[in-house]
$ cat target34.txt   # compact mmCIF, C-alpha atoms
# COMPACT_ATOMS: atom_id res chain seq x y z
CA MET Z 25 17.48 -21.25 -0.75
CA GLN Z 26 14.48 -19.94 -2.63
CA VAL Z 27 10.92 -20.94 -1.92
CA LYS Z 28 9.07 -20.16 -5.10
CA HIS Z 29 5.49 -20.84 -4.07
CA ALA Z 30 3.20 -21.82 -1.22
CA GLU Z 31 3.23 -25.56 -2.05
CA GLN Z 32 7.00 -25.62 -1.61
CA ALA Z 33 6.74 -23.82 1.75
CA GLN Z 34 4.16 -26.34 2.93
CA THR Z 35 6.73 -29.14 2.75
CA ASN Z 36 8.74 -27.50 5.57
CA PRO Z 37 6.57 -27.00 8.67
CA ARG Z 38 8.99 -24.73 10.53
CA TYR Z 39 9.57 -22.52 7.52
CA LYS Z 40 5.85 -22.32 6.90
CA ALA Z 41 5.06 -21.43 10.51
CA ALA Z 42 7.67 -18.67 10.47
CA VAL Z 43 6.40 -17.18 7.20
CA ARG Z 44 2.84 -17.39 8.48
CA ASP Z 45 3.77 -15.41 11.58
CA LEU Z 46 5.60 -12.75 9.56
CA LEU Z 47 2.68 -12.38 7.13
CA LEU Z 48 0.40 -11.74 10.11
CA GLN Z 49 2.82 -9.12 11.46
CA LEU Z 50 2.80 -7.34 8.11
CA ALA Z 51 -0.94 -7.63 7.54
CA ASP Z 52 -1.91 -6.63 11.07
CA ASP Z 53 0.38 -3.58 11.11
CA GLU Z 54 -1.03 -2.33 7.82
CA LEU Z 55 -4.63 -3.12 8.72
CA CYS Z 56 -4.44 -1.32 12.09
CA ILE Z 57 -2.66 1.73 10.79
CA GLY Z 58 -4.90 1.86 7.71
CA HIS Z 59 -7.95 1.75 9.95
CA ARG Z 60 -6.58 4.54 12.12
CA ASP Z 61 -5.90 6.61 8.98
CA SER Z 62 -9.50 6.17 7.89
CA GLU Z 63 -10.67 7.64 11.20
CA TRP Z 64 -9.48 11.07 10.02
CA LEU Z 65 -12.05 11.10 7.22
CA GLY Z 66 -14.05 14.32 7.57
CA LEU Z 67 -11.98 15.42 10.58
CA ALA Z 68 -8.53 16.17 9.15
CA PRO Z 69 -7.31 19.78 9.49
CA ASP Z 70 -7.80 20.53 5.79
CA ILE Z 71 -9.43 18.99 2.78
CA GLU Z 72 -6.09 17.95 1.26
CA GLU Z 73 -5.42 15.80 4.32
CA ASP Z 74 -8.91 14.36 4.19
CA VAL Z 75 -8.10 13.21 0.67
CA ALA Z 76 -4.57 12.11 1.54
CA PHE Z 77 -5.59 10.07 4.58
CA SER Z 78 -8.41 8.34 2.71
CA SER Z 79 -6.06 7.46 -0.12
CA ILE Z 80 -3.32 6.25 2.21
CA ALA Z 81 -5.83 4.23 4.25
CA GLN Z 82 -6.99 2.55 1.06
CA ASP Z 83 -3.40 1.68 0.12
CA GLU Z 84 -2.65 0.24 3.56
CA VAL Z 85 -5.79 -1.87 3.76
CA GLY Z 86 -5.01 -3.06 0.24
CA HIS Z 87 -1.54 -4.10 1.37
CA ALA Z 88 -3.03 -5.93 4.34
CA ALA Z 89 -5.36 -7.76 1.95
CA PHE Z 90 -2.38 -8.71 -0.21
CA TYR Z 91 -0.51 -10.20 2.76
CA LEU Z 92 -3.65 -12.04 3.91
CA ASN Z 93 -4.04 -13.48 0.42
CA LEU Z 94 -0.50 -14.84 0.66
CA LEU Z 95 -1.57 -16.38 3.97
CA ARG Z 96 -4.55 -18.01 2.28
CA ASP Z 97 -2.25 -19.49 -0.36
CA LEU Z 98 -0.01 -20.79 2.42
CA ASP Z 99 -2.55 -22.40 4.72
CA GLY Z 100 -6.02 -21.85 3.36
CA GLU Z 101 -7.06 -19.25 5.91
CA ASP Z 102 -9.93 -17.06 4.68
CA PRO Z 103 -8.64 -13.46 4.39
CA ASP Z 104 -11.91 -11.85 5.55
CA ALA Z 105 -12.12 -14.10 8.59
CA ALA Z 106 -8.48 -13.40 9.38
CA ALA Z 107 -9.07 -9.65 9.11
CA PHE Z 108 -12.33 -9.42 11.05
CA PHE Z 109 -12.71 -12.36 13.40
CA ARG Z 110 -9.28 -13.14 14.79
CA LYS Z 111 -9.03 -12.45 18.53
CA SER Z 112 -6.68 -9.74 19.71
CA ARG Z 113 -4.31 -12.32 21.27
CA ASP Z 114 -3.84 -13.77 17.78
CA ARG Z 115 -2.95 -10.40 16.27
CA ARG Z 116 0.69 -9.75 15.50
CA ASN Z 117 0.79 -5.98 14.94
CA ALA Z 118 3.10 -3.72 16.91
CA VAL Z 119 1.26 -1.87 19.68
CA LEU Z 120 2.36 1.42 18.08
CA ALA Z 121 0.07 0.71 15.11
CA GLU Z 122 -3.05 0.09 17.20
CA ARG Z 123 -2.87 3.19 19.39
CA LEU Z 124 -5.55 5.84 19.18
CA ASN Z 125 -4.66 8.63 16.76
CA GLY Z 126 -4.40 11.33 19.41
CA ASP Z 127 -4.04 14.89 18.14
CA TRP Z 128 -2.67 15.81 14.73
CA ALA Z 129 0.93 15.97 15.97
CA GLU Z 130 0.66 12.51 17.49
CA THR Z 131 -0.86 11.17 14.29
CA ILE Z 132 1.97 12.59 12.19
CA VAL Z 133 4.71 11.41 14.57
CA ARG Z 134 3.29 7.88 14.81
CA ARG Z 135 2.84 7.72 11.04
CA TYR Z 136 6.36 8.93 10.34
CA PHE Z 137 7.91 6.57 12.90
CA TYR Z 138 5.96 3.67 11.42
CA ASP Z 139 6.73 4.51 7.79
CA VAL Z 140 10.48 4.76 8.37
CA PHE Z 141 10.32 1.41 10.13
CA ASP Z 142 8.22 -0.11 7.35
CA GLU Z 143 10.69 1.16 4.76
CA ILE Z 144 13.53 -0.59 6.57
CA ARG Z 145 11.49 -3.77 6.99
CA THR Z 146 10.35 -3.95 3.35
CA GLU Z 147 13.93 -3.25 2.23
CA ALA Z 148 14.91 -6.32 4.28
CA LEU Z 149 12.22 -8.35 2.45
CA ARG Z 150 13.17 -7.43 -1.11
CA GLU Z 151 15.40 -10.48 -1.42
CA SER Z 152 13.23 -12.69 0.77
CA SER Z 153 13.68 -16.42 0.30
CA TYR Z 154 9.87 -16.55 0.14
CA VAL Z 155 9.55 -15.38 -3.44
CA PRO Z 156 5.80 -14.51 -3.44
CA LEU Z 157 6.50 -12.10 -0.57
CA ALA Z 158 9.57 -10.56 -2.24
CA ARG Z 159 7.53 -9.89 -5.38
CA GLY Z 160 4.66 -8.24 -3.56
CA VAL Z 161 7.00 -6.11 -1.50
CA ALA Z 162 8.69 -4.81 -4.67
CA LYS Z 163 5.33 -3.42 -5.79
CA ILE Z 164 4.23 -2.22 -2.36
CA ARG Z 165 7.44 -0.22 -1.88
CA ARG Z 166 6.64 1.85 -4.96
CA GLU Z 167 3.41 2.94 -3.28
CA GLU Z 168 4.78 3.35 0.24
CA ARG Z 169 7.37 5.81 -1.05
CA TYR Z 170 4.61 8.40 -1.37
CA HIS Z 171 3.40 7.87 2.20
CA LEU Z 172 6.88 8.28 3.60
CA MET Z 173 7.48 11.45 1.60
CA HIS Z 174 4.19 12.88 2.81
CA PHE Z 175 4.78 12.21 6.49
CA GLN Z 176 8.39 13.32 6.42
CA LEU Z 177 7.19 16.65 5.04
CA TRP Z 178 4.58 17.05 7.79
CA PHE Z 179 7.00 15.90 10.47
CA THR Z 180 9.63 18.51 9.61
CA ARG Z 181 7.14 21.28 8.83
CA LEU Z 182 5.20 21.00 12.07
CA SER Z 183 8.43 20.90 14.04
CA ALA Z 184 9.98 23.82 12.17
CA ALA Z 185 6.83 25.90 12.75
CA GLY Z 186 7.85 26.31 16.39
CA GLY Z 187 5.42 27.51 19.06
CA GLU Z 188 2.51 25.27 19.93
CA ALA Z 189 3.16 23.01 16.94
CA ARG Z 190 6.66 22.10 18.12
CA GLU Z 191 5.47 21.77 21.70
CA ARG Z 192 2.87 19.27 20.59
CA MET Z 193 5.42 17.45 18.43
CA ASN Z 194 7.78 17.08 21.39
CA ARG Z 195 4.91 15.86 23.54
CA ALA Z 196 3.85 13.35 20.87
CA VAL Z 197 7.41 12.03 20.54
CA GLU Z 198 7.63 11.60 24.29
CA GLY Z 199 4.31 9.76 24.40
CA LEU Z 200 5.09 7.41 21.51
CA TRP Z 201 8.77 6.72 22.24
CA PRO Z 202 8.03 3.88 24.73
CA GLU Z 203 6.19 1.92 21.98
CA VAL Z 204 8.69 2.26 19.13
CA LYS Z 205 10.91 -0.70 20.01
CA GLY Z 206 7.91 -3.01 19.62
CA CYS Z 207 7.95 -2.43 15.85
CA PHE Z 208 11.33 -4.11 15.41
CA SER Z 209 10.36 -7.26 17.26
CA LEU Z 210 10.00 -10.22 14.93
CA GLY Z 211 8.09 -12.26 17.48
CA GLY Z 212 8.62 -15.87 18.41
CA TRP Z 213 9.98 -16.97 15.02
CA GLU Z 214 12.79 -14.43 14.64
CA ARG Z 215 15.65 -16.92 14.57
CA GLN Z 216 13.95 -19.09 11.99
CA LEU Z 217 12.99 -16.06 9.86
CA VAL Z 218 16.54 -14.73 9.79
CA ALA Z 219 18.26 -18.13 9.45
CA SER Z 220 16.15 -19.11 6.46
CA ALA Z 221 16.55 -15.64 4.90
CA VAL Z 222 12.85 -14.84 4.85
CA ILE Z 223 14.03 -11.46 6.14
CA SER Z 224 17.59 -10.22 5.79
CA LEU Z 225 17.80 -8.10 8.98
CA ASP Z 226 17.19 -9.08 12.59
CA SER Z 227 15.36 -6.87 15.06
CA ASN Z 228 18.55 -5.29 16.47
CA GLU Z 229 19.78 -4.28 13.05
CA MET Z 230 16.39 -2.83 12.05
CA GLU Z 231 16.38 -0.80 15.25
CA ARG Z 232 19.94 0.43 14.67
CA ARG Z 233 19.07 1.57 11.15
CA TRP Z 234 15.89 3.27 12.33
CA LEU Z 235 17.78 5.25 14.98
CA ASN Z 236 20.44 6.24 12.44
CA ARG Z 237 17.77 7.49 10.06
CA MET Z 238 15.87 9.33 12.76
CA LYS Z 239 18.66 11.21 14.52
CA PRO Z 240 19.52 13.68 11.73
CA VAL Z 241 15.81 14.30 11.07
CA PHE Z 242 15.31 15.22 14.74
CA ALA Z 243 18.30 17.54 14.60
CA GLN Z 244 17.06 19.20 11.43
CA ALA Z 245 13.53 19.54 12.83
CA GLY Z 246 14.79 21.00 16.10
CA LEU Z 247 13.17 18.30 18.23
CA GLN Z 248 14.57 16.98 21.50
CA TRP Z 249 16.19 13.56 21.13
CA PRO Z 250 14.57 11.33 23.77
CA GLY Z 251 17.52 8.94 24.19
CA PRO Z 252 17.64 5.15 23.76
CA LEU Z 253 14.45 3.25 23.08
CA PRO Z 254 13.08 1.62 26.22
CA MET Z 255 11.90 -1.98 26.32
CA VAL Z 256 8.18 -2.29 25.64
CA ASN Z 257 5.69 -3.53 28.21
CA GLN Z 258 3.67 -5.47 25.66
CA ASP Z 259 5.13 -7.21 22.61
CA GLY Z 260 2.36 -7.06 20.02
CA ARG Z 261 4.27 -9.51 17.84
CA CYS Z 262 3.63 -12.13 20.53
CA GLY Z 263 -0.05 -11.28 20.91
CA ALA Z 264 0.15 -8.83 23.85
CA HIS Z 265 -1.91 -5.74 23.12
CA SER Z 266 -3.44 -2.65 24.67
CA SER Z 267 -7.18 -2.09 25.12
CA HIS Z 268 -7.00 0.20 22.06
CA LEU Z 269 -6.77 -2.85 19.80
CA GLU Z 270 -9.91 -4.42 21.28
CA GLU Z 271 -11.78 -1.17 20.67
CA LEU Z 272 -10.42 -0.94 17.11
CA LEU Z 273 -11.49 -4.51 16.32
CA GLN Z 274 -14.97 -3.84 17.71
CA THR Z 275 -15.38 -0.84 15.42
CA MET Z 276 -13.84 -2.48 12.38
CA GLY Z 277 -16.04 -5.57 12.67
CA GLU Z 278 -19.29 -3.80 13.50
CA VAL Z 279 -20.89 -4.11 10.07
CA VAL Z 280 -19.72 -7.62 9.29
CA ARG Z 281 -21.00 -8.89 12.65
CA GLN Z 282 -24.43 -7.38 12.03
CA ASP Z 283 -24.69 -8.95 8.59
CA PRO Z 284 -22.04 -11.57 7.85
CA ALA Z 285 -23.40 -12.10 4.32
CA ALA Z 286 -23.25 -8.42 3.36
CA ARG Z 287 -21.40 -7.52 0.19
CA TRP Z 288 -20.18 -4.04 -0.66
CA MET I 20 -4.86 -21.06 -31.92
CA GLY I 21 -5.16 -18.78 -34.90
CA ASN I 22 -4.00 -15.21 -34.95
CA GLY I 23 -7.52 -14.12 -35.75
CA ARG I 24 -8.81 -15.26 -32.39
CA GLU I 25 -6.07 -13.44 -30.55
CA THR I 26 -6.81 -10.23 -32.44
CA GLU I 27 -10.45 -10.55 -31.43
CA VAL I 28 -9.46 -10.98 -27.79
CA MET I 29 -7.31 -7.86 -27.94
CA ARG I 30 -10.11 -5.93 -29.61
CA ALA I 31 -12.49 -7.01 -26.84
CA LEU I 32 -9.99 -6.04 -24.12
CA GLN I 33 -9.72 -2.62 -25.73
CA GLU I 34 -13.42 -2.22 -24.77
CA VAL I 35 -12.66 -2.73 -21.08
CA LYS I 36 -12.16 0.76 -19.67
CA ASP I 37 -10.91 2.07 -16.38
CA PRO I 38 -14.14 2.74 -14.42
CA GLU I 39 -12.74 6.05 -13.15
CA ILE I 40 -11.24 7.12 -16.48
CA PRO I 41 -13.57 5.72 -19.16
CA ALA I 42 -11.48 7.28 -21.95
CA VAL I 43 -8.66 4.80 -21.38
CA SER I 44 -8.69 1.01 -21.73
CA ILE I 45 -6.88 -1.48 -19.53
CA LEU I 46 -4.66 -2.27 -22.53
CA GLU I 47 -3.63 1.37 -22.89
CA LEU I 48 -2.96 1.56 -19.17
CA GLY I 49 -0.56 -1.35 -19.57
CA MET I 50 -2.53 -3.56 -17.18
CA VAL I 51 -2.70 -6.65 -19.40
CA ASN I 52 0.39 -8.85 -19.19
CA GLN I 53 -0.86 -11.47 -21.59
CA ALA I 54 -3.92 -13.19 -22.96
CA THR I 55 -3.72 -16.82 -24.02
CA VAL I 56 -6.41 -18.64 -25.98
CA THR I 57 -6.56 -22.43 -25.71
CA GLY I 58 -9.54 -23.94 -27.48
CA HIS I 59 -12.64 -22.39 -25.92
CA HIS I 60 -10.72 -21.09 -22.97
CA VAL I 61 -8.98 -17.75 -22.59
CA ARG I 62 -6.69 -16.81 -19.74
CA VAL I 63 -5.99 -13.14 -19.12
CA GLU I 64 -3.20 -12.06 -16.82
CA VAL I 65 -3.82 -8.59 -15.41
CA THR I 66 -1.60 -6.47 -13.21
CA PRO I 67 -3.34 -3.93 -10.95
CA THR I 68 -2.13 -0.33 -11.05
CA PHE I 69 -2.24 -0.22 -7.25
CA VAL I 70 -2.28 -3.22 -4.88
CA GLY I 71 -5.38 -1.92 -3.10
CA CYS I 72 -7.24 -0.80 -6.21
CA PRO I 73 -10.95 -1.22 -5.41
CA ALA I 74 -11.91 -1.49 -9.08
CA LEU I 75 -10.46 -4.96 -9.61
CA ASP I 76 -13.72 -6.86 -9.11
CA TRP I 77 -15.42 -4.59 -11.59
CA ILE I 78 -12.62 -4.92 -14.12
CA HIS I 79 -12.70 -8.70 -13.70
CA GLY I 80 -16.43 -8.70 -14.47
CA GLN I 81 -15.98 -6.48 -17.51
CA ILE I 82 -13.24 -8.68 -18.96
CA VAL I 83 -15.43 -11.77 -18.61
CA GLU I 84 -18.43 -9.99 -20.11
CA HIS I 85 -16.56 -8.66 -23.15
CA LEU I 86 -14.59 -11.81 -23.90
CA LYS I 87 -17.64 -14.07 -23.67
CA LYS I 88 -19.15 -12.15 -26.57
CA ILE I 89 -16.49 -13.63 -28.87
CA PRO I 90 -17.93 -16.64 -30.70
CA GLY I 91 -16.21 -19.82 -29.55
CA ILE I 92 -15.03 -18.44 -26.22
CA GLU I 93 -16.78 -20.24 -23.39
CA GLU I 94 -14.49 -19.91 -20.42
CA VAL I 95 -12.72 -16.77 -19.30
CA GLU I 96 -10.10 -16.95 -16.59
CA VAL I 97 -8.84 -13.68 -15.14
CA VAL I 98 -5.75 -13.78 -12.95
CA PHE I 99 -4.39 -10.77 -11.09
CA VAL I 100 -0.63 -10.86 -10.67
CA ILE I 101 1.84 -8.31 -9.35
CA ASP I 102 4.94 -9.70 -10.95
CA PRO I 103 6.16 -8.02 -13.04
CA PRO I 104 4.76 -5.06 -11.12
CA TRP I 105 2.72 -2.41 -12.86
CA THR I 106 4.58 0.83 -13.22
CA SER I 107 3.27 4.05 -14.71
CA ASP I 108 5.87 3.70 -17.47
CA ARG I 109 3.69 0.89 -18.86
CA ILE I 110 1.00 3.31 -20.04
CA THR I 111 1.10 3.37 -23.84
CA LEU I 112 1.63 6.52 -25.91
CA GLU I 113 -2.00 6.33 -26.96
CA GLY I 114 -2.99 5.92 -23.32
CA ARG I 115 -0.98 8.99 -22.33
CA ARG I 116 -2.60 11.01 -25.11
CA LYS I 117 -6.10 9.92 -24.04
CA LEU I 118 -5.43 10.65 -20.39
CA GLU I 119 -4.39 14.18 -21.27
CA SER I 120 -7.42 14.78 -23.48
CA PHE I 121 -9.61 13.49 -20.62
CA GLY I 122 -8.08 16.18 -18.39
CA ILE I 123 -5.61 14.02 -16.45
CA ALA I 124 -1.92 14.74 -16.92
CA PRO I 125 0.00 11.59 -17.87
CA PRO I 126 2.60 10.52 -15.29
CA PRO I 127 6.15 11.83 -15.27
CA LYS I 128 8.76 9.15 -15.96
CA THR I 129 9.48 7.07 -12.87
CA GLU I 130 13.18 7.94 -12.99
CA ASP I 131 12.32 11.63 -12.50
CA PRO I 132 13.68 12.56 -9.10
CA ASP I 133 11.21 13.91 -6.60
CA PRO I 134 7.42 13.80 -7.02
CA LEU I 135 7.16 16.81 -4.70
CA ASN I 136 9.09 18.85 -7.28
CA THR I 137 7.95 17.28 -10.54
CA VAL I 138 4.84 18.88 -11.98
CA PRO I 139 3.47 17.70 -15.32
CA ARG I 140 2.21 20.19 -17.85
CA CYS I 141 -1.37 21.36 -17.44
CA PRO I 142 -3.74 19.20 -19.54
CA TYR I 143 -6.02 22.21 -20.12
CA CYS I 144 -3.66 24.98 -21.26
CA GLY I 145 -0.36 23.15 -21.73
CA ALA I 146 1.59 25.44 -19.39
CA ASP I 147 4.25 23.80 -17.28
CA GLN I 148 4.50 26.19 -14.34
CA GLY I 149 2.24 24.33 -11.97
CA GLU I 150 2.61 23.35 -8.35
CA VAL I 151 1.87 20.21 -6.37
CA LYS I 152 -1.35 20.71 -4.44
CA ASN I 153 -1.60 17.21 -3.00
CA LEU I 154 0.43 14.06 -3.70
CA PHE I 155 -2.80 12.19 -3.05
CA GLY I 156 -5.93 12.50 -5.13
CA PRO I 157 -9.43 11.09 -5.60
CA THR I 158 -8.02 7.66 -6.47
CA ALA I 159 -4.85 5.89 -5.37
CA CYS I 160 -3.15 6.47 -8.73
CA ARG I 161 -3.64 10.24 -8.96
CA SER I 162 -2.19 13.45 -7.52
CA ILE I 163 -3.63 16.98 -7.57
CA TYR I 164 -1.81 19.98 -9.06
CA TYR I 165 -2.56 23.64 -9.59
CA CYS I 166 -1.83 25.45 -12.84
CA LYS I 167 -0.64 28.98 -12.18
CA HIS I 168 -1.17 29.92 -15.82
CA CYS I 169 -4.86 29.08 -16.32
CA ARG I 170 -5.50 29.08 -12.57
CA GLN I 171 -7.18 25.74 -12.38
CA PRO I 172 -6.53 22.68 -10.31
CA PHE I 173 -5.89 19.56 -12.35
CA GLU I 174 -5.19 15.90 -11.70
CA GLY I 175 -2.28 13.83 -12.86
CA MET I 176 -1.32 10.16 -12.69
CA LYS I 177 1.36 9.39 -10.12
CA ALA I 178 4.71 8.10 -11.26
CA VAL I 179 5.02 4.72 -9.55
$ encode --input "target34.txt" --output "structure tokens"
Amino acid sequence: MQVKHAEQAQTNPRYKAAVRDLLLQLADDELCIGHRDSEWLGLAPDIEEDVAFSSIAQDEVGHAAFYLNLLRDLDGEDPDAAAFFRKSRDRRNAVLAERLNGDWAETIVRRYFYDVFDEIRTEALRESSYVPLARGVAKIRREERYHLMHFQLWFTRLSAAGGEARERMNRAVEGLWPEVKGCFSLGGWERQLVASAVISLDSNEMERRWLNRMKPVFAQAGLQWPGPLPMVNQDGRCGAHSSHLEELLQTMGEVVRQDPAARW
Amino acid sequence: MGNGRETEVMRALQEVKDPEIPAVSILELGMVNQATVTGHHVRVEVTPTFVGCPALDWIHGQIVEHLKKIPGIEEVEVVFVIDPPWTSDRITLEGRRKLESFGIAPPPKTEDPDPLNTVPRCPYCGADQGEVKNLFGPTACRSIYYCKHCRQPFEGMKAV
């Protein structure tokens, strides 16, 4: 089955609800992580990373806007309102994406973990039955390739440097490991999403592929393998979030709440 | 629709430049999928270089402004689409030449293997022994390189 445009999806309420939920997962992940990237502006360890993080943040927020525009086509929801005014319980991002940046090692580890996951997820969307999504993802993957390359380089370099750098990398891995599994969750609509081929992989398969990708990189980088991924305490895909998200939303919406009519 | 009208539309679109690289038009960048004239109405289908390109509103405004100058054109509809997706291979030969003369190396071909190991030739001195300084540059579509021959940093368009 192929659903070529929003009007066709609207004729099937269950299909529409599932696609809506997935679009929010995609948009909220990219919006949170893009916002966190932007927080390095002026603070990154060197000017190249200042430039890189600003550019990557711009890409990610752009991707979030793309997904929110698909949502508008689907059910008329205003993209700005969806980005700025939705309550945290209505957000569908993985908790990993909302966490504070932490130190540089933690930032790099989180980013690399997320980008490998996002690569697997977008691969699983390339043949999506929801054609507008498949098309956008084809374009987005061409951009994401650069992010992944960048963070893989940092991940292996910092680890290979040994000393304090590797210590911090190991500590960052240990701190982030408990949140990783939350990325693979597809939330309350997983069965519908997989059955109607909106996404071609279920959460277990995405997790298996992620672990298979990650193991050799850990070995090559000389990092300790932390073992199986534990269950998460909060499933962001179902609206359960940490206080970090509330703080992020406060900051992100500060200007628009002061002057809702502002244009920039 | 006569051919004359279509030629005029293309000529007008040639006047719409990239706000960051005013030497190059959106036609030369390969951003225009098609332009269709129906009576007093023209519909332009544009594909952004990057999904999050912040210049799209500006480009939209410029297209409307330039096309409305054509006698007989009253309505201009600009649609941004990402299918088929923009790739850097869509930049025309003329576009590549203008980029280089503006000081921005044209992109390597997208089938070239690894952007971390593919350095275009220096737009200033023409030497090809440069190094990648930063995959990311001042705009989403550019990277930063360093030319070891003339010892200058230079920018290049990313292969995407």
$ closest_residue --input "target34.txt" --among "Z:Met173, Z:Ile144, Z:Leu253, Z:Leu65" --to "I:Asp133" --atoms "all atoms listed in the file"
Z:Met173
$ atom_distance --input "target34.txt" --atom1 "atom CA of Z:Gly263" --atom2 "atom CA of Z:Ser112"
6.9 Å
$ atom_distance --input "target34.txt" --atom1 "atom CA of Z:Arg192" --atom2 "atom CA of Z:Ile80"
23.4 Å
$ interface_residues --input "target34.txt" --of "chain Z" --to "chain I" --cutoff "7 Å" --atoms "all atoms listed in the file" --output "CSV table (one decimal) with C-alpha atoms, in the coordinates of the input"
chain,number,residue,atom,x,y,z
Z,72,GLU,CA,-6.1,18.0,1.3
Z,75,VAL,CA,-8.1,13.2,0.7
Z,76,ALA,CA,-4.6,12.1,1.5
Z,79,SER,CA,-6.1,7.5,-0.1
Z,82,GLN,CA,-7.0,2.6,1.1
Z,83,ASP,CA,-3.4,1.7,0.1
Z,85,VAL,CA,-5.8,-1.9,3.8
Z,86,GLY,CA,-5.0,-3.1,0.2
Z,87,HIS,CA,-1.5,-4.1,1.4
Z,159,ARG,CA,7.5,-9.9,-5.4
Z,160,GLY,CA,4.7,-8.2,-3.6
Z,163,LYS,CA,5.3,-3.4,-5.8
Z,166,ARG,CA,6.6,1.8,-5.0
Z,167,GLU,CA,3.4,2.9,-3.3
$ residues_near_point --input "target34.txt" --point "(9.5, 19.8, -7.3)" --cutoff "12 Å" --atoms "only C-alpha atoms" --output "list in words"
Pro127, Asp131, Pro132, Asp133, Pro134, Leu135, Asn136, Thr137, Val138, Pro139, Asp147, Gln148, Gly149, Glu150, Val151, Lys152, Leu154 and Tyr164 of chain I
$ atom_distance --input "target34.txt" --atom1 "atom CA of I:Ser107" --atom2 "atom CA of I:Pro142"
17.4 Å
$ residues_near_point --input "target34.txt" --point "(15.2, 20.2, 17.3)" --cutoff "12 Å" --atoms "all atoms listed in the file" --output "PyMOL selection string"
chain Z and resi 179-186+190-191+193-194+197+238-250
$ write_last_selection --input "target34.txt" --atoms "C-alpha atoms" --output "compact mmCIF listing (two decimals), keeping the file's coordinate frame"
# COMPACT_ATOMS: atom_id res chain seq x y z
CA PHE Z 179 7.00 15.90 10.47
CA THR Z 180 9.63 18.51 9.61
CA ARG Z 181 7.14 21.28 8.83
CA LEU Z 182 5.20 21.00 12.07
CA SER Z 183 8.43 20.90 14.04
CA ALA Z 184 9.98 23.82 12.17
CA ALA Z 185 6.83 25.90 12.75
CA GLY Z 186 7.85 26.31 16.39
CA ARG Z 190 6.66 22.10 18.12
CA GLU Z 191 5.47 21.77 21.70
CA MET Z 193 5.42 17.45 18.43
CA ASN Z 194 7.78 17.08 21.39
CA VAL Z 197 7.41 12.03 20.54
CA MET Z 238 15.87 9.33 12.76
CA LYS Z 239 18.66 11.21 14.52
CA PRO Z 240 19.52 13.68 11.73
CA VAL Z 241 15.81 14.30 11.07
CA PHE Z 242 15.31 15.22 14.74
CA ALA Z 243 18.30 17.54 14.60
CA GLN Z 244 17.06 19.20 11.43
CA ALA Z 245 13.53 19.54 12.83
CA GLY Z 246 14.79 21.00 16.10
CA LEU Z 247 13.17 18.30 18.23
CA GLN Z 248 14.57 16.98 21.50
CA TRP Z 249 16.19 13.56 21.13
CA PRO Z 250 14.57 11.33 23.77
$ closest_residue --input "target34.txt" --among "Z:Leu272, Z:Glu198, Z:Leu235, Z:Ser224" --to "Z:Ile57" --atoms "only C-alpha atoms"
Z:Leu272
$ residues_around --input "target34.txt" --residues "stretch 45-52 of chain Z" --least-positions-apart "4" --cutoff "6 Å" --atoms "only C-alpha atoms" --output "ChimeraX atom specification"
/Z:56,88,91,116-117
$ write_last_selection --input "target34.txt" --atoms "C-alpha atoms" --output "JSON list (two decimals), in the frame of the given file"
[["chain", "number", "residue", "atom", "x", "y", "z"],
["Z", 56, "CYS", "CA", -4.44, -1.32, 12.09],
["Z", 88, "ALA", "CA", -3.03, -5.93, 4.34],
["Z", 91, "TYR", "CA", -0.51, -10.20, 2.76],
["Z", 116, "ARG", "CA", 0.69, -9.75, 15.50],
["Z", 117, "ASN", "CA", 0.79, -5.98, 14.94]]
$ closest_residue --input "target34.txt" --among "Z:Asp99, Z:Pro69, Z:Ala81, Z:Arg60" --to "Z:Thr35" --atoms "only C-alpha atoms"
Z:Asp99
$ closest_residue --input "target34.txt" --among "Z:Val218, Z:Leu67, Z:Leu55, Z:Leu273" --to "Z:Ser153" --atoms "only C-alpha atoms"
Z:Val218
$ residues_around --input "target34.txt" --residues "I:Leu112" --least-positions-apart "4" --cutoff "12 Å" --atoms "all atoms listed in the file" --output "MDAnalysis selection string"
chainID I and resid 43 46:49 107:108 116:119 125:126
